[in-house]
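Peer 1: Sending over a structure as structure tokens; questions will come in a sec.
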Amino acid sequence: MPVSGAIAVTDDGAVRIIRINRPEKKNALTVAMYAEMACALREAGQNEAIRCVMFAGAAGVFSAGNDIADFLNSSDAGLNAPVLEFLRALAQSPKPIVAAVGGIAVGVGTTMLFHCDHVVAASDAVLSTPFLKLGLIPEAASTLVAPMRMGHARAFSLLVMGRPLPAADAKEAGLVNTVVEAAEVDAVALRAAREIAALPPKAVAVARSLMRNRLGEVAERIDAEAKHFAELLQSDEARAAFQAFFARKK
Ligand code: COA
């Protein structure tokens with residue numbers, strides 16, 4: 001497996017920390033990074049010593065979403081693409097997941113949060129999903145879970161209209177638990193992850209699986225969205241939008 005060098009996986013006691021660390025590209029996620037995150041998540045699921053997983057970003061950015069260069073270069077990797085392996089591992093994780101959102105969260109950087117159990121965000125963090133503006137559709141089963149979590153109106157504004165959701169509004173919408181100063185995000189999230197990890201693991205697993213009882217539906221939606229997404233990736237309007245992104249500073 002190619003190693004990106006941009007995903008740091010460390011275990012802090014029973015908490016597995018998966019840190020996205022590609023600040024020079026605003027933590028945009030490449031194919032290799034998805035594969036590494038999927039692997040770290042799957043391994044955490046099977047590792048009895050790990051009781052909670054925490055995602056974190058770097059340097060004021062959680063993630064600028066999928067690497068747009070990868071979008072441009074994408075051939076049809078279909079349903080075996082690393083991004084889908086990551087999304088499935090995320091949705092099916094048997095271990096609770098905490099996220100420390102220390103800044104910008106775009107695209108999958110936002111939709112992955114719908115699969116987290118506890119989200120801490122910086123007061124200046126902004127969530128956004130500009131899928132439609134790129135000629136794409138929302139992914140990660142967000143078309144299913146976002147309306148469930150925040151209601152259709154707010155989900156439509158975020159997912160379809162692409163309106164940014166500041167941290168305070170994301171908290172009000174039920175996607176974020178706690179909003180703190182940017183410098184505190186990682187520490188507050190780690191405290192929550194340790195708190196979860198200290199609970200009796202079998203009881204946590206049962207309670208959590210009862211609360212997340214639509215796994216089959218979520219898995220089907222990830223695949224259904226992915227089929228449309230793969231088609232749209234090759235569309236003229238999407239490819240023009242990707243090229244416009246890279247041409248914007250010229
Ligand atoms: N894919 C590939 N490269 C990306 C990227 C992405 N999703 N997001 C940022 N980058 C790169 C930029 O091209 C730039 O690279 P360069 O220095 O080689 O030119 C670098 O990261 C810094 O980005 P920049 O745009 O200069 O930073 P900013 O602070 O002005 O803006 C964002 C940050 C995240 C708002 C902006 O980069 C952005 O809109 N990115 C695209 C987000 C997106 O649409 N993601 C896909 C969602 S489906």
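Labeling convention for the structure tokens: chains A, B, ... as they appear, residues from 1 per chain, ligands from 1 in order of appearance.
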Could you list, as a list in words, all the residues within 6 Å of ligand 1, counting only C-alpha atoms and all ligand atoms?
Peer 2: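 So the residues close to ligand 1 are Glu24, Lys25, Lys26, Ala28, Ala64, Gly65, Asn66, Asp67, Ile68, Ala69, Val106, Gly107, Pro130 and Phe131 of chain A.
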Peer 1: Tell me which protein, DNA and RNA residues are within 10 Å of Ser63 in chain A, counting only C-alpha atoms, leaving out same-chain ones fewer than 5 positions away, and put them as an MDAnalysis selection string.
Peer 2: chainID A and resid 20:23 25:29 56:58 101:110 127
Peer 1: Please, could you write that set of residues out with C-alpha atoms as a tab-separated table (two decimals), in the first residue's frame?
Peer 2:
chain	number	residue	atom	x	y	z
A	20	ILE	CA	-4.91	14.32	9.00
A	21	ASN	CA	-1.69	16.21	8.44
A	22	ARG	CA	-1.28	17.75	5.01
A	23	PRO	CA	-1.54	21.43	5.92
A	25	LYS	CA	-2.91	21.38	0.84
A	26	LYS	CA	-5.40	22.23	3.57
A	27	ASN	CA	-5.64	18.54	4.48
A	28	ALA	CA	-7.21	17.60	1.13
A	29	LEU	CA	-7.61	13.82	1.11
A	56	ALA	CA	-8.11	15.40	14.24
A	57	GLY	CA	-6.69	17.84	11.72
A	58	ALA	CA	-3.72	20.18	11.67
A	101	VAL	CA	-12.65	20.00	14.06
A	102	GLY	CA	-10.07	22.73	14.40
A	103	GLY	CA	-10.98	24.80	11.35
A	104	ILE	CA	-12.27	24.38	7.82
A	105	ALA	CA	-14.18	21.18	7.10
A	106	VAL	CA	-15.21	20.83	3.46
A	107	GLY	CA	-16.98	18.05	1.56
A	108	VAL	CA	-16.17	14.68	3.09
A	109	GLY	CA	-14.49	16.65	5.91
A	110	THR	CA	-18.03	17.60	6.88
A	127	LEU	CA	-18.44	23.32	7.77
Peer 1: Which residues, written as a short mmCIF file (atom, residue, chain, number, x, y, z; two decimals) with C-alpha atoms, in the first residue's frame, have at least one atom at most 12 Å from Ala44 in chain A, with only C-alpha atoms counted and residues fewer than 3 positions away on the same chain left out?
Peer 2:
data_model
loop_
_atom_site.label_atom_id
_atom_site.label_comp_id
_atom_site.auth_asym_id
_atom_site.auth_seq_id
_atom_site.Cartn_x
_atom_site.Cartn_y
_atom_site.Cartn_z
CA VAL A 9 -1.93 7.18 13.58
CA THR A 10 -1.04 7.13 17.27
CA ASP A 11 -2.57 5.36 20.24
CA ALA A 14 -7.22 3.23 24.61
CA VAL A 15 -7.80 6.14 22.20
CA ARG A 16 -6.65 5.77 18.61
CA ILE A 17 -5.90 9.19 17.16
CA ILE A 18 -6.06 9.49 13.38
CA MET A 37 -7.52 5.93 7.38
CA ALA A 38 -9.66 2.92 6.40
CA CYS A 39 -6.89 0.59 7.54
CA ALA A 40 -6.44 2.41 10.88
CA LEU A 41 -10.19 2.34 11.49
CA ASN A 47 -8.14 -4.29 18.48
CA GLU A 48 -9.51 -4.92 21.97
CA ALA A 49 -7.11 -2.40 23.47
CA ILE A 50 -8.72 0.43 21.48
CA ARG A 51 -12.01 1.71 22.89
CA CYS A 52 -12.45 4.97 21.02
CA VAL A 53 -11.17 6.56 17.80
CA MET A 54 -10.48 10.27 17.45
CA ALA A 89 -15.17 1.52 7.71
CA LEU A 90 -16.38 4.78 9.23
CA GLN A 92 -19.49 0.38 10.33
CA SER A 93 -16.94 1.19 13.03
CA PRO A 94 -17.73 -0.85 16.13
CA LYS A 95 -15.79 1.68 18.21
CA PRO A 96 -17.12 5.14 19.12
CA ILE A 97 -15.68 8.01 17.11
#
Peer 1: Quick one: residues within 6 Å of range 230-247 of chain A, only C-alpha atoms counted, chain neighbours fewer than 5 positions away excluded, as a PDB file with N, CA, C and O atoms, in the first residue's frame?
Peer 2:
ATOM      1  N   LEU A 134     -19.802  21.883  -7.565  1.00  0.00           N
ATOM      2  CA  LEU A 134     -18.781  21.162  -8.342  1.00  0.00           C
ATOM      3  C   LEU A 134     -19.426  20.183  -9.323  1.00  0.00           C
ATOM      4  O   LEU A 134     -18.727  19.367  -9.945  1.00  0.00           O
ATOM      5  N   GLY A 135     -20.743  20.232  -9.426  1.00  0.00           N
ATOM      6  CA  GLY A 135     -21.430  19.315 -10.343  1.00  0.00           C
ATOM      7  C   GLY A 135     -21.548  17.907  -9.781  1.00  0.00           C
ATOM      8  O   GLY A 135     -21.753  16.949 -10.531  1.00  0.00           O
ATOM      9  N   LEU A 136     -21.404  17.777  -8.466  1.00  0.00           N
ATOM     10  CA  LEU A 136     -21.436  16.459  -7.820  1.00  0.00           C
ATOM     11  C   LEU A 136     -22.645  16.366  -6.888  1.00  0.00           C
ATOM     12  O   LEU A 136     -23.412  17.315  -6.770  1.00  0.00           O
TER      13      LEU A 136
END
Peer 1: Between CA of Val160 in chain A and CA of Cys116 in chain A, what is the distance, to one decimal in Å?
Peer 2: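 Separation of CA of Val160 in chain A and CA of Cys116 in chain A: 21.3 Å.
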Peer 1: Please return as an MDAnalysis selection string: the residues of range 4-228 of chain A that backbone DSSP assigns to helix (DSSP H, G or I).
Peer 2: chainID A and resid 23:25 31:46 68:73 78:80 82:91 108:115 132:134 142:159 167:172 182:197 201:211 215:228
Peer 1: Name the residues in contact with Ala183 in chain A at a cut-off of 12 Å, using only C-alpha atoms, excluding same-chain residues fewer than 2 positions from it; report them as a short mmCIF file (atom, residue, chain, number, x, y, z; two decimals) with C-alpha atoms, in the first residue's frame.
Peer 2:
data_model
loop_
_atom_site.label_atom_id
_atom_site.label_comp_id
_atom_site.auth_asym_id
_atom_site.auth_seq_id
_atom_site.Cartn_x
_atom_site.Cartn_y
_atom_site.Cartn_z
CA ALA A 58 -3.72 20.18 11.67
CA ALA A 59 -2.90 23.87 11.61
CA GLY A 60 -6.41 25.32 11.71
CA ALA A 100 -11.73 17.46 16.74
CA VAL A 101 -12.65 20.00 14.06
CA GLY A 102 -10.07 22.73 14.40
CA GLY A 103 -10.98 24.80 11.35
CA VAL A 120 -15.79 19.21 19.17
CA ALA A 121 -15.34 22.26 16.92
CA ALA A 122 -13.35 25.48 17.10
CA SER A 123 -15.44 28.63 17.43
CA ASP A 124 -14.11 29.80 14.05
CA ALA A 125 -14.61 26.43 12.33
CA VAL A 179 -17.68 24.70 20.52
CA VAL A 180 -14.41 25.84 22.09
CA GLU A 181 -11.50 28.17 21.38
CA VAL A 185 -10.11 21.73 20.32
CA ASP A 186 -7.74 18.76 20.39
CA ALA A 187 -7.49 18.71 24.21
CA VAL A 188 -11.26 18.93 24.72
CA ALA A 189 -11.89 16.23 22.11
#
Peer 1: Rounded to one decimal, what separation in Å do you get between CA of Leu144 in chain A and CA of Asp223 in chain A?
Peer 2: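 These two atoms are separated by 12.1 Å.
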Peer 1: Identify which of the residues A:Val83, A:Ala35, A:Val145, A:Leu113 lies closest to Arg214 in chain A, counting only C-alpha atoms when measuring atom-to-atom distances.
Peer 2: A:Val145
Peer 1: Between CA of Val206 in chain A and CA of Gly174 in chain A, what distance in Å does the model show, to one decimal?
Peer 2: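 Interatomic distance, CA of Val206 in chain A to CA of Gly174 in chain A: 22.4 Å.
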Peer 1: Choose the residue, out of A:Asn177, A:Ser128, A:Thr111, A:Ser142, that has the smallest atom-to-atom separation from Leu158 in chain A; count only C-alpha atoms.
Peer 2: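 Under the stated criterion, the closest residue is A:Ser128.
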Peer 1: Between A:Asn73, A:Ser4, A:Ser157, A:Asn213, which one has atoms that come closest to Ala32 in chain A, using only C-alpha atoms?
Peer 2: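 Ranked by minimum distance to Ala32 in chain A, first place goes to A:Ser4.
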Peer 1: From the DSSP assignment of the backbone, select every residue of range 17-138 of chain A that is strand (DSSP E), and format the answer as a list in words.
Peer 2: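 For range 17-138 of chain A, the strand (DSSP E) set is Ile17, Ile18, Arg19, Ile20, Cys52, Val53, Met54, Phe55, Ala56, Val61, Phe62, Ser63, Ile97, Val98, Ala99, Ala100, Val101, Ile104, Ala105, Val106, His118, Val119, Val120, Ala121, Ala122, Val126, Leu127 and Ser128 of chain A.
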Peer 1: Which one of A:Leu190, A:Leu132, A:Ala99, A:Met148 sits closest to Gly13 in chain A if you count only C-alpha atoms?
Peer 2: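 When distances to Gly13 in chain A are compared using only C-alpha atoms, the smallest one comes from A:Leu190.
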Peer 1: Between A:Arg191, A:Glu217, A:Arg212, A:Lys202, which one has atoms that come closest to His115 in chain A, using only C-alpha atoms?
Peer 2: A:Arg212
